file data05.csv (CSV, C-alpha atoms)
chain,number,residue,atom,x,y,z
A,186,SER,CA,0.0,0.0,0.0
A,187,PHE,CA,1.1,3.6,-0.6
A,188,LYS,CA,2.6,5.2,2.4
A,189,LYS,CA,2.4,9.0,2.6
A,190,ARG,CA,5.7,10.8,3.1
A,191,PHE,CA,5.9,12.9,6.2
A,192,TYR,CA,7.9,16.2,6.0
A,193,HIS,CA,9.6,17.8,8.9
A,194,VAL,CA,9.0,21.5,8.6
A,195,LYS,CA,9.9,24.6,10.6
A,196,ILE,CA,7.6,27.6,10.6
A,197,LYS,CA,9.1,31.0,10.8
A,198,SER,CA,7.4,32.9,13.6
A,199,LEU,CA,6.7,36.5,12.7
A,200,GLU,CA,8.1,39.3,14.9
A,201,VAL,CA,5.1,41.5,14.7
A,202,ALA,CA,4.7,43.0,18.1
A,203,SER,CA,6.5,46.2,17.0
A,204,LEU,CA,4.3,46.5,13.9
A,205,GLN,CA,1.2,46.0,16.0
A,206,GLU,CA,2.4,48.8,18.4
A,207,LEU,CA,3.0,51.1,15.5
A,208,GLY,CA,-0.4,50.4,14.0
A,209,GLN,CA,-2.1,51.2,17.3
A,210,ARG,CA,-0.8,54.8,17.0
A,211,MET,CA,-3.1,55.4,14.1
A,212,ASP,CA,-6.7,56.7,14.8
A,213,GLN,CA,-9.6,55.8,12.6
A,214,VAL,CA,-8.9,58.4,10.0
A,215,GLN,CA,-5.3,57.4,9.6
A,216,ARG,CA,-6.3,53.7,9.4
A,217,GLN,CA,-8.7,54.5,6.6
A,218,ALA,CA,-6.0,56.4,4.8
A,219,PHE,CA,-3.7,53.3,5.2
A,220,HIS,CA,-6.4,51.0,3.9
A,221,LYS,CA,-7.1,53.3,1.0
A,222,THR,CA,-3.5,53.3,-0.1
A,223,TYR,CA,-2.2,49.8,0.9
A,224,GLY,CA,-5.3,47.6,1.4
A,225,LYS,CA,-5.4,45.1,4.2
A,226,ILE,CA,-1.7,44.4,4.5
A,227,TRP,CA,-1.4,45.8,8.1
A,228,ASP,CA,-4.4,43.7,9.2
A,229,LEU,CA,-2.3,40.6,8.4
A,230,ALA,CA,0.2,41.7,11.1
A,231,MET,CA,-2.7,41.3,13.6
A,232,ILE,CA,-3.4,37.7,12.6
A,233,GLU,CA,-2.5,35.1,15.3
A,234,VAL,CA,-1.2,32.3,13.0
A,235,SER,CA,-1.5,28.7,14.2
A,236,VAL,CA,1.9,27.2,13.5
A,237,GLU,CA,0.4,23.8,13.9
A,238,ALA,CA,-2.2,24.4,11.2
A,239,ILE,CA,0.4,25.6,8.7
A,240,ALA,CA,2.6,22.7,9.6
A,241,SER,CA,-0.3,20.3,9.0
A,242,LEU,CA,-1.2,22.0,5.7
A,243,THR,CA,2.3,21.5,4.3
A,244,GLN,CA,1.8,17.7,4.6
A,245,TYR,CA,-1.0,17.8,2.0
A,246,TYR,CA,0.9,19.8,-0.7
A,247,ASP,CA,0.8,17.9,-4.0
A,248,GLN,CA,3.8,19.2,-6.0
A,249,PRO,CA,2.9,17.8,-9.4
A,250,LEU,CA,-0.6,19.4,-9.2
A,251,ARG,CA,0.6,22.4,-7.2
A,252,CYS,CA,-2.4,22.2,-4.9
A,253,PHE,CA,-3.3,20.7,-1.5
A,254,THR,CA,-5.0,17.3,-1.8
A,255,PHE,CA,-7.2,16.2,1.0
A,256,GLY,CA,-8.5,12.7,0.3
A,257,ASP,CA,-11.0,13.1,-2.6
A,258,PHE,CA,-10.9,16.9,-2.9
A,259,GLN,CA,-8.3,19.6,-3.7
A,260,LEU,CA,-7.7,23.1,-2.6
A,261,VAL,CA,-5.8,25.7,-4.6
A,262,PRO,CA,-4.9,29.2,-3.3
A,263,THR,CA,-5.9,31.5,-6.2
A,264,ILE,CA,-5.0,35.0,-7.3
A,265,GLU,CA,-8.6,36.1,-6.7
A,266,GLU,CA,-8.6,34.8,-3.1
A,267,PHE,CA,-5.3,36.5,-2.3
A,268,GLU,CA,-6.5,39.8,-3.9
A,269,GLY,CA,-9.2,39.8,-1.3
A,270,ILE,CA,-7.0,38.8,1.6
A,271,LEU,CA,-4.4,41.5,0.9
A,272,GLY,CA,-7.1,44.0,-0.2
A,273,CYS,CA,-5.1,44.7,-3.3
A,274,PRO,CA,-7.3,43.9,-6.3
A,275,LEU,CA,-5.4,43.6,-9.6
A,276,GLY,CA,-8.0,45.3,-11.7
A,277,GLY,CA,-6.1,46.9,-14.6
A,278,ARG,CA,-2.9,47.1,-12.5
A,279,LYS,CA,0.4,45.7,-13.6
A,280,SER,CA,1.7,42.8,-11.4
A,281,TYR,CA,5.0,43.3,-9.7
A,282,LEU,CA,7.9,41.3,-11.1
A,283,PHE,CA,11.4,41.5,-9.8
A,284,SER,CA,13.6,43.1,-12.4
A,285,GLY,CA,16.9,41.9,-11.0
A,286,LEU,CA,17.8,45.5,-10.0
A,287,TYR,CA,17.7,46.9,-6.5
A,288,PRO,CA,16.6,50.4,-5.7
A,289,SER,CA,19.2,53.0,-4.7
A,290,MET,CA,19.3,54.3,-1.2
A,291,ALA,CA,18.4,57.7,-2.6
A,292,ARG,CA,15.0,56.3,-3.9
A,293,VAL,CA,14.3,54.7,-0.6
A,294,SER,CA,15.3,57.8,1.3
A,295,LYS,CA,12.6,59.9,-0.5
A,296,VAL,CA,9.8,57.7,0.7
A,297,VAL,CA,10.9,56.8,4.2
A,298,LYS,CA,12.2,60.3,5.0
A,299,ILE,CA,15.5,59.0,6.2
A,300,ALA,CA,18.7,60.6,4.7
A,301,ALA,CA,20.4,58.4,2.2
A,302,GLN,CA,23.7,58.9,4.1
A,303,GLU,CA,22.0,57.6,7.2
A,304,LEU,CA,20.6,54.5,5.4
A,305,ASP,CA,24.1,53.8,4.1
A,306,ARG,CA,25.5,54.0,7.6
A,307,VAL,CA,23.0,51.6,9.2
A,308,LYS,CA,22.5,49.2,6.3
A,309,GLN,CA,23.8,45.6,6.7
A,310,ASN,CA,25.2,43.3,4.0
A,311,ILE,CA,23.9,39.7,4.4
A,312,ASN,CA,25.1,37.2,1.8
A,313,GLY,CA,25.6,40.0,-0.7
A,314,LEU,CA,22.1,41.5,-0.2
A,315,VAL,CA,21.7,44.9,1.4
A,316,GLU,CA,19.3,45.0,4.4
A,317,ILE,CA,17.8,47.9,6.4
A,318,PRO,CA,17.4,47.1,10.1
A,319,MET,CA,13.7,47.0,11.1
A,320,LYS,CA,14.6,48.8,14.4
A,321,HIS,CA,15.7,51.8,12.4
A,322,LEU,CA,12.4,51.9,10.5
A,323,GLU,CA,10.5,51.6,13.7
A,324,GLY,CA,12.4,54.5,15.3
A,325,LYS,CA,11.7,56.7,12.3
A,326,ALA,CA,8.0,55.7,12.3
A,327,LYS,CA,7.6,56.6,15.9
A,328,ALA,CA,9.3,60.0,15.3
A,329,LEU,CA,7.0,60.7,12.4
A,330,ALA,CA,3.9,59.8,14.5
A,331,ASP,CA,5.2,62.1,17.3
A,332,GLN,CA,5.5,64.9,14.7
A,333,GLY,CA,2.1,64.2,13.2
A,334,GLU,CA,3.6,63.4,9.8
A,335,TRP,CA,1.0,60.7,9.1
A,336,THR,CA,1.5,60.4,5.3
A,337,SER,CA,5.1,59.5,5.8
A,338,PHE,CA,4.3,57.3,8.8
A,339,VAL,CA,1.9,55.3,6.8
A,340,ASP,CA,4.6,54.7,4.1
A,341,VAL,CA,7.2,53.6,6.6
A,342,LEU,CA,4.7,51.3,8.3
A,343,ALA,CA,3.7,49.8,4.9
A,344,LEU,CA,7.4,49.2,4.0
A,345,SER,CA,7.8,47.4,7.3
A,346,VAL,CA,4.8,45.2,6.7
A,347,PHE,CA,6.2,44.3,3.2
A,348,GLY,CA,9.5,43.3,4.8
A,349,ILE,CA,8.3,41.4,7.8
A,350,VAL,CA,4.9,40.0,6.8
A,351,LEU,CA,4.4,39.9,3.0
A,352,PHE,CA,7.9,38.8,2.1
A,353,GLN,CA,9.7,37.2,5.0
A,354,ASN,CA,13.4,37.1,4.8
A,355,VAL,CA,16.1,37.7,7.4
A,356,ASP,CA,14.8,38.3,10.9
A,357,GLU,CA,14.4,42.0,11.9
A,358,LEU,CA,15.8,43.2,8.5
A,359,VAL,CA,14.1,44.5,5.4
A,360,ASP,CA,16.1,43.7,2.2
A,361,LEU,CA,16.3,45.9,-0.9
A,362,ALA,CA,14.5,43.3,-3.0
A,363,VAL,CA,11.5,43.7,-0.8
A,364,THR,CA,12.0,47.4,-0.7
A,365,GLY,CA,11.9,47.4,-4.5
A,366,ALA,CA,8.5,45.6,-4.4
A,367,PHE,CA,7.2,48.2,-2.0
A,368,LEU,CA,8.4,51.1,-4.2
A,369,ALA,CA,6.8,49.5,-7.3
A,370,TYR,CA,3.5,49.5,-5.4
A,371,HIS,CA,4.0,53.0,-3.9
A,372,HIS,CA,5.0,54.7,-7.2
A,373,ASN,CA,3.3,52.6,-9.9
A,374,LYS,CA,0.6,50.6,-8.0
A,375,GLU,CA,2.2,47.4,-9.2
A,376,SER,CA,0.3,44.7,-7.3
A,377,PRO,CA,2.3,42.4,-5.0
A,378,VAL,CA,-0.4,39.7,-5.0
A,379,ILE,CA,1.1,37.3,-7.6
A,380,ALA,CA,4.6,37.7,-6.1
A,381,VAL,CA,3.2,36.9,-2.6
A,382,LEU,CA,1.4,33.8,-3.9
A,383,ASP,CA,4.4,32.7,-6.0
A,384,ASP,CA,6.5,33.0,-2.9
A,385,ALA,CA,4.2,30.6,-1.1
A,386,TYR,CA,4.3,28.1,-4.0
A,387,ASP,CA,8.1,28.3,-4.2
A,388,THR,CA,8.3,27.6,-0.5
A,389,PHE,CA,6.1,24.4,-0.7
A,390,ASP,CA,7.9,23.2,-3.9
A,391,LEU,CA,11.2,23.5,-1.9
A,392,ARG,CA,9.7,21.5,0.9
A,393,CYS,CA,9.0,18.7,-1.5
A,394,GLU,CA,12.6,18.6,-2.7
A,395,LYS,CA,13.9,18.1,0.9
A,396,SER,CA,13.0,15.9,3.7
A,397,SER,CA,12.8,19.0,5.9
A,398,ALA,CA,12.3,22.6,5.2
A,399,ARG,CA,11.6,26.0,6.7
A,400,ILE,CA,8.3,27.6,5.6
A,401,VAL,CA,9.2,31.1,4.8
A,402,CYS,CA,6.3,33.0,3.1
A,403,CYS,CA,3.3,35.1,4.0
A,404,THR,CA,1.9,32.7,6.6
A,405,PRO,CA,-0.8,35.1,7.8
A,406,ALA,CA,-2.3,35.3,4.3
A,407,LEU,CA,-2.0,31.5,4.0
A,408,TYR,CA,-3.6,31.0,7.4
A,409,VAL,CA,-6.6,33.3,6.5
A,410,TRP,CA,-7.0,31.4,3.3
A,411,LEU,CA,-7.0,28.0,5.1
A,412,VAL,CA,-9.4,29.1,7.8
A,413,SER,CA,-11.8,30.5,5.3
A,414,HIS,CA,-12.1,27.1,3.6
A,415,ILE,CA,-12.4,25.2,6.8
A,416,PHE,CA,-15.4,27.2,7.9
A,417,ARG,CA,-16.8,27.2,4.4
A,418,HIS,CA,-16.8,23.4,4.4
A,419,GLU,CA,-18.0,23.0,8.0
A,420,SER,CA,-21.0,25.2,7.3
A,421,ARG,CA,-22.2,23.0,4.5
call {"tool": "encode", "arguments": {"input": "data05.csv", "output": "structure tokens"}}
result
Amino acid sequence: SFKKRFYHVKIKSLEVASLQELGQRMDQVQRQAFHKTYGKIWDLAMIEVSVEAIASLTQYYDQPLRCFTFGDFQLVPTIEEFEGILGCPLGGRKSYLFSGLYPSMARVSKVVKIAAQELDRVKQNINGLVEIPMKHLEGKAKALADQGEWTSFVDVLALSVFGIVLFQNVDELVDLAVTGAFLAYHHNKESPVIAVLDDAYDTFDLRCEKSSARIVCCTPALYVWLVSHIFRHESR
């Protein structure tokens, strides 16, 4: 008889306490402004993800079909579902695709209101990729909130969510690849939905190629998707 292979997986726990604290500084008007510009991405930082649920879900990933197979039925995370979860409908927008080029510190500086020289001073180089420490962005966001500079505060908070929640990478660091995705959305409204979904598929494909793997993707979005289907089937 066929014996199902069991995969040992490690789930990356999100360090979102600081994001939640920053978000609490916004009043209703500012939260509406955030949602109008960036959709529901900050809401994902408020999701309490069940690590056990995500670990169990990984066991049902069917790599040849690129879906989750549960006995006699299959579930597939779709673009439309992730549009709703992120609150970033594609519509006529262009989808973000990594060009292979990283943004300059000068471009980043204009949005986050941190001098390019200061970013150059605090940046870290991890395996050849430039990273901005999350603590530095947090400090800037707090200063902007104290000064009542809410438009810039919203941008810094959104960049932090991109780096910590949407595209997980190195702990407590936001790399320039992710910053490029944020700037593409900020300047040109290039949707990150397909990139986030592709990141999840790549993670599960990698899991199938190894006996053990670390799940590094937007787990809050994946968890919201999973829970929505569980309750949908239970209500039938």
call {"tool": "closest_residue", "arguments": {"input": "data05.csv", "among": "A:Asp257, A:Val363, A:Val236, A:Leu275", "to": "Ile400 of chain A", "atoms": "all atoms listed in the file"}}
result
A:Val236
call {"tool": "residues_around", "arguments": {"input": "data05.csv", "residues": "Glu316 of chain A", "least_positions_apart": "3", "cutoff": "6 Å", "atoms": "all atoms listed in the file", "output": "PyMOL selection string"}}
result
chain A and resi 308-309+358-360
call {"tool": "closest_residue", "arguments": {"input": "data05.csv", "among": "A:Glu334, A:Gly277, A:Leu271, A:Lys195", "to": "Asn373 of chain A", "atoms": "only C-alpha atoms"}}
result
A:Gly277
call {"tool": "residues_near_point", "arguments": {"input": "data05.csv", "point": "(7.5, 59.7, -1.0)", "cutoff": "10 Å", "atoms": "all atoms listed in the file", "output": "list in words"}}
result
Arg292, Val293, Ser294, Lys295, Val296, Val297, Lys298, Thr336, Ser337, Asp340, Val341, Leu368, His371 and His372 of chain A
call {"tool": "write_last_selection", "arguments": {"input": "data05.csv", "atoms": "C-alpha atoms", "output": "mmCIF file, in the frame of the given file"}}
result
data_model
loop_
_atom_site.group_PDB
_atom_site.id
_atom_site.type_symbol
_atom_site.label_atom_id
_atom_site.label_comp_id
_atom_site.auth_asym_id
_atom_site.auth_seq_id
_atom_site.Cartn_x
_atom_site.Cartn_y
_atom_site.Cartn_z
ATOM 1 C CA ARG A 292 15.000 56.300 -3.900
ATOM 2 C CA VAL A 293 14.300 54.700 -0.600
ATOM 3 C CA SER A 294 15.300 57.800 1.300
ATOM 4 C CA LYS A 295 12.600 59.900 -0.500
ATOM 5 C CA VAL A 296 9.800 57.700 0.700
ATOM 6 C CA VAL A 297 10.900 56.800 4.200
ATOM 7 C CA LYS A 298 12.200 60.300 5.000
ATOM 8 C CA THR A 336 1.500 60.400 5.300
ATOM 9 C CA SER A 337 5.100 59.500 5.800
ATOM 10 C CA ASP A 340 4.600 54.700 4.100
ATOM 11 C CA VAL A 341 7.200 53.600 6.600
ATOM 12 C CA LEU A 368 8.400 51.100 -4.200
ATOM 13 C CA HIS A 371 4.000 53.000 -3.900
ATOM 14 C CA HIS A 372 5.000 54.700 -7.200
#
call {"tool": "residues_around", "arguments": {"input": "data05.csv", "residues": "Leu342 of chain A", "least_positions_apart": "4", "cutoff": "9 Å", "atoms": "all atoms listed in the file", "output": "list of chain:residue names"}}
result
A:Leu204, A:Leu207, A:Gly208, A:Trp227, A:Leu322, A:Glu323, A:Ala326, A:Ser337, A:Phe338, A:Val346, A:Phe347
call {"tool": "atom_distance", "arguments": {"input": "data05.csv", "atom1": "atom CA of Ser235 of chain A", "atom2": "atom CA of Phe267 of chain A"}}
result
18.6 Å
call {"tool": "closest_residue", "arguments": {"input": "data05.csv", "among": "A:Arg251, A:Arg306, A:Gln205, A:Gln213", "to": "Met231 of chain A", "atoms": "all atoms listed in the file"}}
result
A:Gln205
call {"tool": "residues_around", "arguments": {"input": "data05.csv", "residues": "Ala406 of chain A", "least_positions_apart": "5", "cutoff": "10 Å", "atoms": "only C-alpha atoms", "output": "list in words"}}
result
Ile226, Asp228, Leu229, Ala230, Ile232, Val234, Glu266, Phe267, Gly269, Ile270, Leu271, Val350, Leu351, Val381, Leu382, Ala385 and Leu411 of chain A
call {"tool": "atom_distance", "arguments": {"input": "data05.csv", "atom1": "atom CA of Pro288 of chain A", "atom2": "atom CA of Ala343 of chain A"}}
result
16.7 Å
call {"tool": "atom_distance", "arguments": {"input": "data05.csv", "atom1": "atom CA of Val315 of chain A", "atom2": "atom CA of Pro405 of chain A"}}
result
25.4 Å
call {"tool": "residues_around", "arguments": {"input": "data05.csv", "residues": "segment 222-224 of chain A", "least_positions_apart": "4", "cutoff": "7 Å", "atoms": "all atoms listed in the file", "output": "list in words"}}
result
Ala218, Leu271, Gly272 and Cys273 of chain A
call {"tool": "closest_residue", "arguments": {"input": "data05.csv", "among": "A:Asp390, A:Asp212, A:Asp247, A:Asp384", "to": "Cys402 of chain A", "atoms": "only C-alpha atoms"}}
result
A:Asp384
call {"tool": "closest_residue", "arguments": {"input": "data05.csv", "among": "A:Leu282, A:Ala362, A:Leu344, A:Val339", "to": "Gln217 of chain A", "atoms": "only C-alpha atoms"}}
result
A:Val339
call {"tool": "closest_residue", "arguments": {"input": "data05.csv", "among": "A:Leu407, A:Val214, A:Ile264, A:Leu304", "to": "Pro377 of chain A", "atoms": "only C-alpha atoms"}}
result
A:Ile264
call {"tool": "residues_around", "arguments": {"input": "data05.csv", "residues": "Met290 of chain A", "least_positions_apart": "5", "cutoff": "10 Å", "atoms": "all atoms listed in the file", "output": "PyMOL selection string"}}
result
chain A and resi 295+299-305+308+361
